[in-house]
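Engineer: Quick one, work_32.cif (mmCIF, N, CA and C atoms):
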data_upload
#
loop_
_atom_site.label_atom_id
_atom_site.label_comp_id
_atom_site.auth_asym_id
_atom_site.auth_seq_id
_atom_site.Cartn_x
_atom_site.Cartn_y
_atom_site.Cartn_z
N MET A 1 5.41 85.77 193.32
CA MET A 1 6.20 86.95 193.59
C MET A 1 5.61 88.13 192.82
N LYS A 2 5.47 89.25 193.48
CA LYS A 2 4.89 90.43 192.84
C LYS A 2 5.94 91.16 192.03
N THR A 3 5.52 91.72 190.93
CA THR A 3 6.45 92.52 190.13
C THR A 3 6.45 93.95 190.64
N SER A 4 7.53 94.63 190.35
CA SER A 4 7.68 96.02 190.78
C SER A 4 6.74 96.92 189.98
N THR A 5 6.13 97.86 190.66
CA THR A 5 5.22 98.77 189.97
C THR A 5 5.84 100.16 189.80
N THR A 6 7.13 100.29 190.07
CA THR A 6 7.75 101.60 189.89
C THR A 6 7.89 101.92 188.41
N LEU A 7 7.75 103.18 188.09
CA LEU A 7 7.83 103.61 186.71
C LEU A 7 9.29 103.79 186.29
N ARG A 8 9.57 103.60 185.01
CA ARG A 8 10.91 103.81 184.50
C ARG A 8 11.20 105.30 184.43
N LEU A 9 12.42 105.64 184.79
CA LEU A 9 12.82 107.03 184.72
C LEU A 9 13.19 107.40 183.28
N PRO A 10 12.88 108.62 182.87
CA PRO A 10 13.32 109.04 181.54
C PRO A 10 14.83 109.25 181.52
N LEU A 11 15.39 109.30 180.34
CA LEU A 11 16.84 109.42 180.18
C LEU A 11 17.38 110.67 180.85
N ILE A 12 16.69 111.78 180.74
CA ILE A 12 17.18 113.03 181.34
C ILE A 12 17.29 112.91 182.85
N ALA A 13 16.39 112.18 183.48
CA ALA A 13 16.46 111.98 184.93
C ALA A 13 17.65 111.10 185.29
N LYS A 14 17.93 110.08 184.49
CA LYS A 14 19.09 109.22 184.75
C LYS A 14 20.39 110.00 184.59
N ILE A 15 20.45 110.86 183.58
CA ILE A 15 21.65 111.69 183.39
C ILE A 15 21.80 112.65 184.56
N ALA A 16 20.71 113.22 185.04
CA ALA A 16 20.78 114.12 186.19
C ALA A 16 21.28 113.40 187.44
N ILE A 17 20.88 112.17 187.62
CA ILE A 17 21.35 111.39 188.77
C ILE A 17 22.84 111.12 188.64
N ALA A 18 23.31 110.78 187.43
CA ALA A 18 24.74 110.55 187.21
C ALA A 18 25.54 111.82 187.47
N VAL A 19 25.04 112.95 187.01
CA VAL A 19 25.73 114.23 187.25
C VAL A 19 25.77 114.54 188.74
N THR A 20 24.73 114.19 189.46
CA THR A 20 24.72 114.40 190.90
C THR A 20 25.80 113.58 191.59
N PHE A 21 26.01 112.33 191.15
CA PHE A 21 27.09 111.51 191.73
C PHE A 21 28.46 112.14 191.46
N ILE A 22 28.66 112.66 190.25
CA ILE A 22 29.94 113.28 189.94
C ILE A 22 30.11 114.56 190.75
N ASN A 23 29.05 115.35 190.89
CA ASN A 23 29.12 116.55 191.73
C ASN A 23 29.46 116.21 193.17
N THR A 24 28.85 115.15 193.67
CA THR A 24 29.11 114.73 195.04
C THR A 24 30.58 114.37 195.23
N TRP A 25 31.16 113.67 194.25
CA TRP A 25 32.58 113.32 194.34
C TRP A 25 33.44 114.58 194.34
N VAL A 26 33.14 115.53 193.46
CA VAL A 26 33.95 116.75 193.37
C VAL A 26 33.88 117.53 194.68
N ILE A 27 32.69 117.66 195.24
CA ILE A 27 32.55 118.40 196.50
C ILE A 27 33.27 117.66 197.63
N PHE A 28 33.13 116.33 197.70
CA PHE A 28 33.82 115.55 198.72
C PHE A 28 35.33 115.70 198.57
N GLU A 29 35.80 115.65 197.34
CA GLU A 29 37.23 115.74 197.08
C GLU A 29 37.79 117.11 197.50
N GLU A 30 37.07 118.17 197.15
CA GLU A 30 37.54 119.52 197.46
C GLU A 30 37.45 119.83 198.95
N THR A 31 36.36 119.43 199.59
CA THR A 31 36.14 119.83 200.98
C THR A 31 36.74 118.88 202.01
N VAL A 32 36.87 117.62 201.68
CA VAL A 32 37.38 116.66 202.66
C VAL A 32 38.79 116.19 202.32
N VAL A 33 38.96 115.65 201.13
CA VAL A 33 40.24 115.03 200.78
C VAL A 33 41.36 116.08 200.70
N ASP A 34 41.13 117.17 199.96
CA ASP A 34 42.18 118.17 199.79
C ASP A 34 42.42 118.98 201.05
N ARG A 35 41.38 119.38 201.72
CA ARG A 35 41.54 120.27 202.88
C ARG A 35 42.06 119.58 204.12
N HIS A 36 41.74 118.31 204.29
CA HIS A 36 42.15 117.61 205.51
C HIS A 36 43.35 116.69 205.29
N GLY A 37 43.92 116.70 204.10
CA GLY A 37 45.13 115.94 203.85
C GLY A 37 44.95 114.45 203.65
N LEU A 38 43.75 114.02 203.36
CA LEU A 38 43.53 112.58 203.13
C LEU A 38 44.23 112.11 201.86
N TRP A 39 44.61 113.03 200.98
CA TRP A 39 45.27 112.65 199.74
C TRP A 39 46.59 111.94 200.00
N ARG A 40 47.18 112.16 201.18
CA ARG A 40 48.45 111.48 201.51
C ARG A 40 48.27 109.97 201.63
N TYR A 41 47.06 109.53 201.92
CA TYR A 41 46.78 108.11 202.10
C TYR A 41 46.14 107.47 200.86
N MET A 42 46.02 108.24 199.80
CA MET A 42 45.38 107.74 198.57
C MET A 42 46.44 107.61 197.48
N PRO A 43 46.81 106.39 197.11
CA PRO A 43 47.84 106.23 196.08
C PRO A 43 47.37 106.79 194.74
N PHE A 44 48.30 107.39 194.01
CA PHE A 44 48.08 107.96 192.68
C PHE A 44 47.16 109.18 192.69
N TYR A 45 46.92 109.76 193.85
CA TYR A 45 46.09 110.96 193.92
C TYR A 45 46.98 112.18 193.68
N ARG A 46 46.50 113.12 192.85
CA ARG A 46 47.23 114.35 192.57
C ARG A 46 46.35 115.52 192.98
N VAL A 47 46.83 116.30 193.92
CA VAL A 47 46.06 117.42 194.46
C VAL A 47 45.89 118.48 193.37
N GLY A 48 44.64 118.87 193.13
CA GLY A 48 44.34 119.93 192.20
C GLY A 48 44.41 119.55 190.74
N LEU A 49 44.63 118.29 190.42
CA LEU A 49 44.72 117.85 189.04
C LEU A 49 43.80 116.64 188.82
N PHE A 50 43.46 116.42 187.58
CA PHE A 50 42.69 115.22 187.24
C PHE A 50 43.57 114.00 187.47
N CYS A 51 43.07 113.02 188.20
CA CYS A 51 43.90 111.87 188.56
C CYS A 51 43.12 110.57 188.36
N VAL A 52 43.74 109.48 188.76
CA VAL A 52 43.14 108.16 188.62
C VAL A 52 41.84 108.05 189.40
N TRP A 53 41.79 108.67 190.55
CA TRP A 53 40.57 108.61 191.37
C TRP A 53 39.41 109.30 190.67
N ASP A 54 39.69 110.44 190.05
CA ASP A 54 38.64 111.14 189.30
C ASP A 54 38.18 110.31 188.11
N ALA A 55 39.13 109.71 187.42
CA ALA A 55 38.80 108.87 186.27
C ALA A 55 37.98 107.66 186.69
N ALA A 56 38.30 107.08 187.85
CA ALA A 56 37.56 105.92 188.33
C ALA A 56 36.12 106.28 188.67
N VAL A 57 35.92 107.40 189.34
CA VAL A 57 34.55 107.83 189.68
C VAL A 57 33.77 108.13 188.41
N LEU A 58 34.41 108.80 187.46
CA LEU A 58 33.74 109.11 186.19
C LEU A 58 33.40 107.83 185.43
N ALA A 59 34.33 106.88 185.39
CA ALA A 59 34.10 105.63 184.66
C ALA A 59 32.98 104.80 185.30
N VAL A 60 32.99 104.70 186.62
CA VAL A 60 31.95 103.92 187.30
C VAL A 60 30.58 104.58 187.11
N THR A 61 30.53 105.90 187.20
CA THR A 61 29.26 106.60 187.02
C THR A 61 28.73 106.42 185.60
N LEU A 62 29.60 106.58 184.61
CA LEU A 62 29.17 106.41 183.22
C LEU A 62 28.78 104.96 182.93
N LEU A 63 29.49 104.01 183.55
CA LEU A 63 29.14 102.60 183.37
C LEU A 63 27.75 102.30 183.95
N LEU A 64 27.48 102.82 185.14
CA LEU A 64 26.16 102.62 185.74
C LEU A 64 25.08 103.29 184.91
N LEU A 65 25.37 104.47 184.38
CA LEU A 65 24.40 105.14 183.52
C LEU A 65 24.14 104.32 182.26
N PHE A 66 25.20 103.81 181.66
CA PHE A 66 25.04 103.00 180.44
C PHE A 66 24.25 101.72 180.72
N VAL A 67 24.53 101.08 181.84
CA VAL A 67 23.83 99.84 182.19
C VAL A 67 22.35 100.12 182.43
N SER A 68 22.04 101.28 183.01
CA SER A 68 20.63 101.59 183.25
C SER A 68 19.90 102.02 181.99
N VAL A 69 20.63 102.53 180.99
CA VAL A 69 20.01 102.98 179.75
C VAL A 69 19.95 101.85 178.72
N ALA A 70 20.91 100.93 178.74
CA ALA A 70 20.99 99.87 177.73
C ALA A 70 19.74 99.01 177.65
N PRO A 71 19.16 98.55 178.74
CA PRO A 71 17.94 97.74 178.61
C PRO A 71 16.80 98.52 177.96
N LEU A 72 16.75 99.80 178.20
CA LEU A 72 15.71 100.63 177.61
C LEU A 72 15.86 100.67 176.09
N ARG A 73 17.08 100.76 175.61
CA ARG A 73 17.32 100.81 174.17
C ARG A 73 17.10 99.45 173.52
N ARG A 74 17.41 98.38 174.23
CA ARG A 74 17.23 97.04 173.69
C ARG A 74 15.77 96.71 173.46
N HIS A 75 14.93 97.11 174.39
CA HIS A 75 13.51 96.76 174.31
C HIS A 75 12.69 97.76 173.50
N SER A 76 13.29 98.88 173.14
CA SER A 76 12.51 99.86 172.40
C SER A 76 12.30 99.37 170.98
N GLY A 77 11.11 99.37 170.56
CA GLY A 77 10.77 98.90 169.23
C GLY A 77 9.56 99.65 168.74
N PRO A 78 8.69 98.97 168.02
CA PRO A 78 7.52 99.66 167.50
C PRO A 78 6.48 100.00 168.57
N THR A 79 6.63 99.44 169.78
CA THR A 79 5.66 99.73 170.83
C THR A 79 5.90 101.14 171.36
N PRO A 80 4.85 101.88 171.65
CA PRO A 80 5.03 103.25 172.16
C PRO A 80 5.56 103.23 173.59
N SER A 81 6.22 104.28 173.96
CA SER A 81 6.79 104.38 175.29
C SER A 81 5.67 104.58 176.31
N THR A 82 5.80 103.90 177.44
CA THR A 82 4.79 104.02 178.50
C THR A 82 5.27 104.94 179.60
N THR A 83 6.39 105.63 179.40
CA THR A 83 6.90 106.54 180.41
C THR A 83 6.04 107.79 180.46
N PRO A 84 5.43 108.06 181.60
CA PRO A 84 4.59 109.26 181.69
C PRO A 84 5.46 110.52 181.74
N SER A 85 4.86 111.65 181.45
CA SER A 85 5.61 112.89 181.55
C SER A 85 5.90 113.20 183.01
N LEU A 86 6.97 113.90 183.24
CA LEU A 86 7.40 114.19 184.60
C LEU A 86 6.60 115.34 185.19
N PRO A 87 6.36 115.28 186.50
CA PRO A 87 5.71 116.42 187.15
C PRO A 87 6.62 117.65 187.13
N LEU A 88 6.07 118.80 187.36
CA LEU A 88 6.82 120.05 187.29
C LEU A 88 7.95 120.10 188.31
N PHE A 89 7.72 119.63 189.53
CA PHE A 89 8.77 119.70 190.54
C PHE A 89 9.96 118.80 190.19
N VAL A 90 9.73 117.70 189.48
CA VAL A 90 10.83 116.85 189.04
C VAL A 90 11.64 117.55 187.95
N LYS A 91 10.96 118.22 187.04
CA LYS A 91 11.65 118.98 186.00
C LYS A 91 12.49 120.09 186.61
N ILE A 92 11.95 120.75 187.63
CA ILE A 92 12.72 121.80 188.32
C ILE A 92 13.93 121.21 189.03
N ALA A 93 13.77 120.04 189.65
CA ALA A 93 14.89 119.40 190.34
C ALA A 93 15.99 119.01 189.37
N ILE A 94 15.61 118.52 188.19
CA ILE A 94 16.61 118.16 187.18
C ILE A 94 17.33 119.41 186.69
N ALA A 95 16.59 120.48 186.46
CA ALA A 95 17.22 121.73 186.02
C ALA A 95 18.17 122.27 187.10
N MET A 96 17.79 122.16 188.36
CA MET A 96 18.67 122.62 189.45
C MET A 96 19.93 121.77 189.54
N THR A 97 19.83 120.49 189.22
CA THR A 97 21.02 119.63 189.22
C THR A 97 22.02 120.10 188.17
N PHE A 98 21.53 120.39 186.97
CA PHE A 98 22.43 120.86 185.93
C PHE A 98 22.97 122.25 186.25
N LEU A 99 22.17 123.11 186.85
CA LEU A 99 22.64 124.42 187.27
C LEU A 99 23.71 124.30 188.35
N ASN A 100 23.51 123.37 189.27
CA ASN A 100 24.51 123.10 190.30
C ASN A 100 25.83 122.67 189.68
N THR A 101 25.77 121.86 188.63
CA THR A 101 26.99 121.43 187.94
C THR A 101 27.71 122.62 187.33
N LEU A 102 26.99 123.51 186.71
CA LEU A 102 27.63 124.70 186.13
C LEU A 102 28.27 125.56 187.20
N VAL A 103 27.61 125.71 188.33
CA VAL A 103 28.18 126.50 189.42
C VAL A 103 29.45 125.85 189.95
N ILE A 104 29.44 124.53 190.09
CA ILE A 104 30.63 123.84 190.58
C ILE A 104 31.78 123.98 189.58
N LEU A 105 31.49 123.79 188.29
CA LEU A 105 32.56 123.85 187.30
C LEU A 105 33.13 125.25 187.13
N PHE A 106 32.27 126.26 187.10
CA PHE A 106 32.75 127.61 186.79
C PHE A 106 32.91 128.50 188.02
N GLY A 107 32.31 128.15 189.13
CA GLY A 107 32.39 128.98 190.32
C GLY A 107 33.36 128.47 191.37
N TRP A 108 33.54 127.18 191.45
CA TRP A 108 34.41 126.60 192.46
C TRP A 108 35.85 126.71 191.97
N PRO A 109 36.72 127.31 192.75
CA PRO A 109 38.09 127.51 192.25
C PRO A 109 38.82 126.19 192.04
N GLY A 110 39.41 126.07 190.88
CA GLY A 110 40.27 124.93 190.59
C GLY A 110 39.58 123.72 189.98
N VAL A 111 38.27 123.64 190.05
CA VAL A 111 37.59 122.43 189.54
C VAL A 111 37.67 122.38 188.02
N LEU A 112 37.42 123.50 187.35
CA LEU A 112 37.49 123.50 185.90
C LEU A 112 38.91 123.25 185.42
N LEU A 113 39.90 123.77 186.13
CA LEU A 113 41.29 123.49 185.75
C LEU A 113 41.62 122.02 185.90
N ARG A 114 41.08 121.38 186.94
CA ARG A 114 41.33 119.96 187.16
C ARG A 114 40.74 119.13 186.01
N VAL A 115 39.58 119.50 185.55
CA VAL A 115 38.93 118.75 184.47
C VAL A 115 39.64 118.99 183.14
N CYS A 116 40.06 120.24 182.90
CA CYS A 116 40.65 120.58 181.60
C CYS A 116 42.12 120.20 181.48
N LEU A 117 42.85 120.18 182.56
CA LEU A 117 44.30 119.89 182.46
C LEU A 117 44.64 118.53 182.95
#
Translate this structure into structure tokens?
Structural biologist:
Amino acid sequence: MKTSTTLRLPLIAKIAIAVTFINTWVIFEETVVDRHGLWRYMPFYRVGLFCVWDAAVLAVTLLLLFVSVAPLRRHSGPTPSTTPSLPLFVKIAIAMTFLNTLVILFGWPGVLLRVCL
């Protein structure tokens, strides 16, 4: 059996992927669930407020991020890291992901209130 030759992602890329999943949930929630009334069929859902569904998405995303980072921390020792530096377009994509998060939190009406209250 052949081993995988894919390179390990650096931590910042894994965090950017996790933030993208959370952004996707927020956009889906605002544009589909709240606007089309699907919240009526979702138990324990609170429109416009932080609820169990938000906590579940956040918990699953953070759990997956932790599981993907934990093996990296376990094996790190005196051996140098073999992770190559990222190309410029990947760095730009990661920066755009974090910028997208800021726009969603501070530009989208009600999202920051949902997170804070």
Engineer: So what do you get for atom N of Thr61 of chain A versus atom C of Lys14 of chain A, distance-wise?
Structural biologist: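 Taking atom N of Thr61 of chain A as the start and atom C of Lys14 of chain A as the end point, the length is 11.2 Å.
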Engineer: Any chance you could work out the residue set of the PyMOL selection byres (((chain A and resi 47 and name CA) around 12) and name CA) here, as a PyMOL selection string?
Structural biologist: chain A and resi 29-30+32-40+42-46+48-54+110-111+113-114
Engineer: Once you count only C-alpha atoms, which residues end up no further than 12 Å from (14.6, 112.9, 178.9) in the file's frame, shown as a PyMOL selection string?
Structural biologist: chain A and resi 8-16+69+83-86+90-91+94-95
Engineer: Generate the output file for the selected residues, N, CA and C atoms, as a PDB file, in the frame of the given file.
Structural biologist:
ATOM      1  N   ARG A   8       9.570 103.600 185.010  1.00  0.00           N
ATOM      2  CA  ARG A   8      10.910 103.810 184.500  1.00  0.00           C
ATOM      3  C   ARG A   8      11.200 105.300 184.430  1.00  0.00           C
ATOM      4  N   LEU A   9      12.420 105.640 184.790  1.00  0.00           N
ATOM      5  CA  LEU A   9      12.820 107.030 184.720  1.00  0.00           C
ATOM      6  C   LEU A   9      13.190 107.400 183.280  1.00  0.00           C
ATOM      7  N   PRO A  10      12.880 108.620 182.870  1.00  0.00           N
ATOM      8  CA  PRO A  10      13.320 109.040 181.540  1.00  0.00           C
ATOM      9  C   PRO A  10      14.830 109.250 181.520  1.00  0.00           C
ATOM     10  N   LEU A  11      15.390 109.300 180.340  1.00  0.00           N
ATOM     11  CA  LEU A  11      16.840 109.420 180.180  1.00  0.00           C
ATOM     12  C   LEU A  11      17.380 110.670 180.850  1.00  0.00           C
ATOM     13  N   ILE A  12      16.690 111.780 180.740  1.00  0.00           N
ATOM     14  CA  ILE A  12      17.180 113.030 181.340  1.00  0.00           C
ATOM     15  C   ILE A  12      17.290 112.910 182.850  1.00  0.00           C
ATOM     16  N   ALA A  13      16.390 112.180 183.480  1.00  0.00           N
ATOM     17  CA  ALA A  13      16.460 111.980 184.930  1.00  0.00           C
ATOM     18  C   ALA A  13      17.650 111.100 185.290  1.00  0.00           C
ATOM     19  N   LYS A  14      17.930 110.080 184.490  1.00  0.00           N
ATOM     20  CA  LYS A  14      19.090 109.220 184.750  1.00  0.00           C
ATOM     21  C   LYS A  14      20.390 110.000 184.590  1.00  0.00           C
ATOM     22  N   ILE A  15      20.450 110.860 183.580  1.00  0.00           N
ATOM     23  CA  ILE A  15      21.650 111.690 183.390  1.00  0.00           C
ATOM     24  C   ILE A  15      21.800 112.650 184.560  1.00  0.00           C
ATOM     25  N   ALA A  16      20.710 113.220 185.040  1.00  0.00           N
ATOM     26  CA  ALA A  16      20.780 114.120 186.190  1.00  0.00           C
ATOM     27  C   ALA A  16      21.280 113.400 187.440  1.00  0.00           C
ATOM     28  N   VAL A  69      20.630 102.530 180.990  1.00  0.00           N
ATOM     29  CA  VAL A  69      20.010 102.980 179.750  1.00  0.00           C
ATOM     30  C   VAL A  69      19.950 101.850 178.720  1.00  0.00           C
ATOM     31  N   THR A  83       6.390 105.630 179.400  1.00  0.00           N
ATOM     32  CA  THR A  83       6.900 106.540 180.410  1.00  0.00           C
ATOM     33  C   THR A  83       6.040 107.790 180.460  1.00  0.00           C
ATOM     34  N   PRO A  84       5.430 108.060 181.600  1.00  0.00           N
ATOM     35  CA  PRO A  84       4.590 109.260 181.690  1.00  0.00           C
ATOM     36  C   PRO A  84       5.460 110.520 181.740  1.00  0.00           C
ATOM     37  N   SER A  85       4.860 111.650 181.450  1.00  0.00           N
ATOM     38  CA  SER A  85       5.610 112.890 181.550  1.00  0.00           C
ATOM     39  C   SER A  85       5.900 113.200 183.010  1.00  0.00           C
ATOM     40  N   LEU A  86       6.970 113.900 183.240  1.00  0.00           N
ATOM     41  CA  LEU A  86       7.400 114.190 184.600  1.00  0.00           C
ATOM     42  C   LEU A  86       6.600 115.340 185.190  1.00  0.00           C
ATOM     43  N   VAL A  90       9.730 117.700 189.480  1.00  0.00           N
ATOM     44  CA  VAL A  90      10.830 116.850 189.040  1.00  0.00           C
ATOM     45  C   VAL A  90      11.640 117.550 187.950  1.00  0.00           C
ATOM     46  N   LYS A  91      10.960 118.220 187.040  1.00  0.00           N
ATOM     47  CA  LYS A  91      11.650 118.980 186.000  1.00  0.00           C
ATOM     48  C   LYS A  91      12.490 120.090 186.610  1.00  0.00           C
ATOM     49  N   ILE A  94      15.610 118.520 188.190  1.00  0.00           N
ATOM     50  CA  ILE A  94      16.610 118.160 187.180  1.00  0.00           C
ATOM     51  C   ILE A  94      17.330 119.410 186.690  1.00  0.00           C
ATOM     52  N   ALA A  95      16.590 120.480 186.460  1.00  0.00           N
ATOM     53  CA  ALA A  95      17.220 121.730 186.020  1.00  0.00           C
ATOM     54  C   ALA A  95      18.170 122.270 187.100  1.00  0.00           C
TER      55      ALA A  95
END
Engineer: Which polymer residues, whether protein, DNA or RNA, lie within 12 Å of the coordinate (32.1, 115.6, 191.7) when you count only C-alpha atoms? List them as a ChimeraX atom specification, using the chain letters and numbers from the file.
Structural biologist: /A:17-31,50,53-58,61,100-105,108,111-112,114-115
Engineer: For segment 55-67 of chain A, write N, CA, C and O atoms out as a PDB file, in the first residue's frame.
Structural biologist:
ATOM      1  N   ALA A  55     -23.787  26.673  19.061  1.00  0.00           N
ATOM      2  CA  ALA A  55     -22.808  26.051  19.953  1.00  0.00           C
ATOM      3  C   ALA A  55     -22.354  24.699  19.405  1.00  0.00           C
ATOM      4  O   ALA A  55     -21.171  24.354  19.504  1.00  0.00           O
ATOM      5  N   ALA A  56     -23.273  23.943  18.818  1.00  0.00           N
ATOM      6  CA  ALA A  56     -22.915  22.635  18.265  1.00  0.00           C
ATOM      7  C   ALA A  56     -21.963  22.782  17.074  1.00  0.00           C
ATOM      8  O   ALA A  56     -20.970  22.052  16.978  1.00  0.00           O
ATOM      9  N   VAL A  57     -22.242  23.717  16.188  1.00  0.00           N
ATOM     10  CA  VAL A  57     -21.358  23.940  15.033  1.00  0.00           C
ATOM     11  C   VAL A  57     -19.988  24.401  15.511  1.00  0.00           C
ATOM     12  O   VAL A  57     -18.951  23.922  15.028  1.00  0.00           O
ATOM     13  N   LEU A  58     -19.964  25.311  16.475  1.00  0.00           N
ATOM     14  CA  LEU A  58     -18.698  25.794  17.012  1.00  0.00           C
ATOM     15  C   LEU A  58     -17.924  24.667  17.690  1.00  0.00           C
ATOM     16  O   LEU A  58     -16.716  24.519  17.488  1.00  0.00           O
ATOM     17  N   ALA A  59     -18.611  23.835  18.470  1.00  0.00           N
ATOM     18  CA  ALA A  59     -17.950  22.737  19.176  1.00  0.00           C
ATOM     19  C   ALA A  59     -17.388  21.694  18.202  1.00  0.00           C
ATOM     20  O   ALA A  59     -16.249  21.235  18.362  1.00  0.00           O
ATOM     21  N   VAL A  60     -18.170  21.330  17.201  1.00  0.00           N
ATOM     22  CA  VAL A  60     -17.702  20.337  16.229  1.00  0.00           C
ATOM     23  C   VAL A  60     -16.513  20.880  15.438  1.00  0.00           C
ATOM     24  O   VAL A  60     -15.522  20.170  15.215  1.00  0.00           O
ATOM     25  N   THR A  61     -16.578  22.148  15.048  1.00  0.00           N
ATOM     26  CA  THR A  61     -15.471  22.745  14.302  1.00  0.00           C
ATOM     27  C   THR A  61     -14.203  22.797  15.142  1.00  0.00           C
ATOM     28  O   THR A  61     -13.120  22.443  14.677  1.00  0.00           O
ATOM     29  N   LEU A  62     -14.327  23.230  16.392  1.00  0.00           N
ATOM     30  CA  LEU A  62     -13.152  23.295  17.259  1.00  0.00           C
ATOM     31  C   LEU A  62     -12.615  21.902  17.582  1.00  0.00           C
ATOM     32  O   LEU A  62     -11.405  21.711  17.683  1.00  0.00           O
ATOM     33  N   LEU A  63     -13.509  20.920  17.716  1.00  0.00           N
ATOM     34  CA  LEU A  63     -13.075  19.549  17.960  1.00  0.00           C
ATOM     35  C   LEU A  63     -12.282  19.008  16.765  1.00  0.00           C
ATOM     36  O   LEU A  63     -11.219  18.406  16.938  1.00  0.00           O
ATOM     37  N   LEU A  64     -12.787  19.250  15.561  1.00  0.00           N
ATOM     38  CA  LEU A  64     -12.067  18.803  14.367  1.00  0.00           C
ATOM     39  C   LEU A  64     -10.729  19.519  14.232  1.00  0.00           C
ATOM     40  O   LEU A  64      -9.727  18.906  13.838  1.00  0.00           O
ATOM     41  N   LEU A  65     -10.695  20.799  14.564  1.00  0.00           N
ATOM     42  CA  LEU A  65      -9.429  21.529  14.524  1.00  0.00           C
ATOM     43  C   LEU A  65      -8.450  20.956  15.539  1.00  0.00           C
ATOM     44  O   LEU A  65      -7.286  20.735  15.230  1.00  0.00           O
ATOM     45  N   PHE A  66      -8.928  20.673  16.740  1.00  0.00           N
ATOM     46  CA  PHE A  66      -8.056  20.111  17.774  1.00  0.00           C
ATOM     47  C   PHE A  66      -7.537  18.734  17.374  1.00  0.00           C
ATOM     48  O   PHE A  66      -6.364  18.430  17.569  1.00  0.00           O
ATOM     49  N   VAL A  67      -8.399  17.915  16.801  1.00  0.00           N
ATOM     50  CA  VAL A  67      -7.988  16.567  16.386  1.00  0.00           C
ATOM     51  C   VAL A  67      -6.943  16.649  15.277  1.00  0.00           C
ATOM     52  O   VAL A  67      -6.004  15.851  15.238  1.00  0.00           O
TER      53      VAL A  67
END
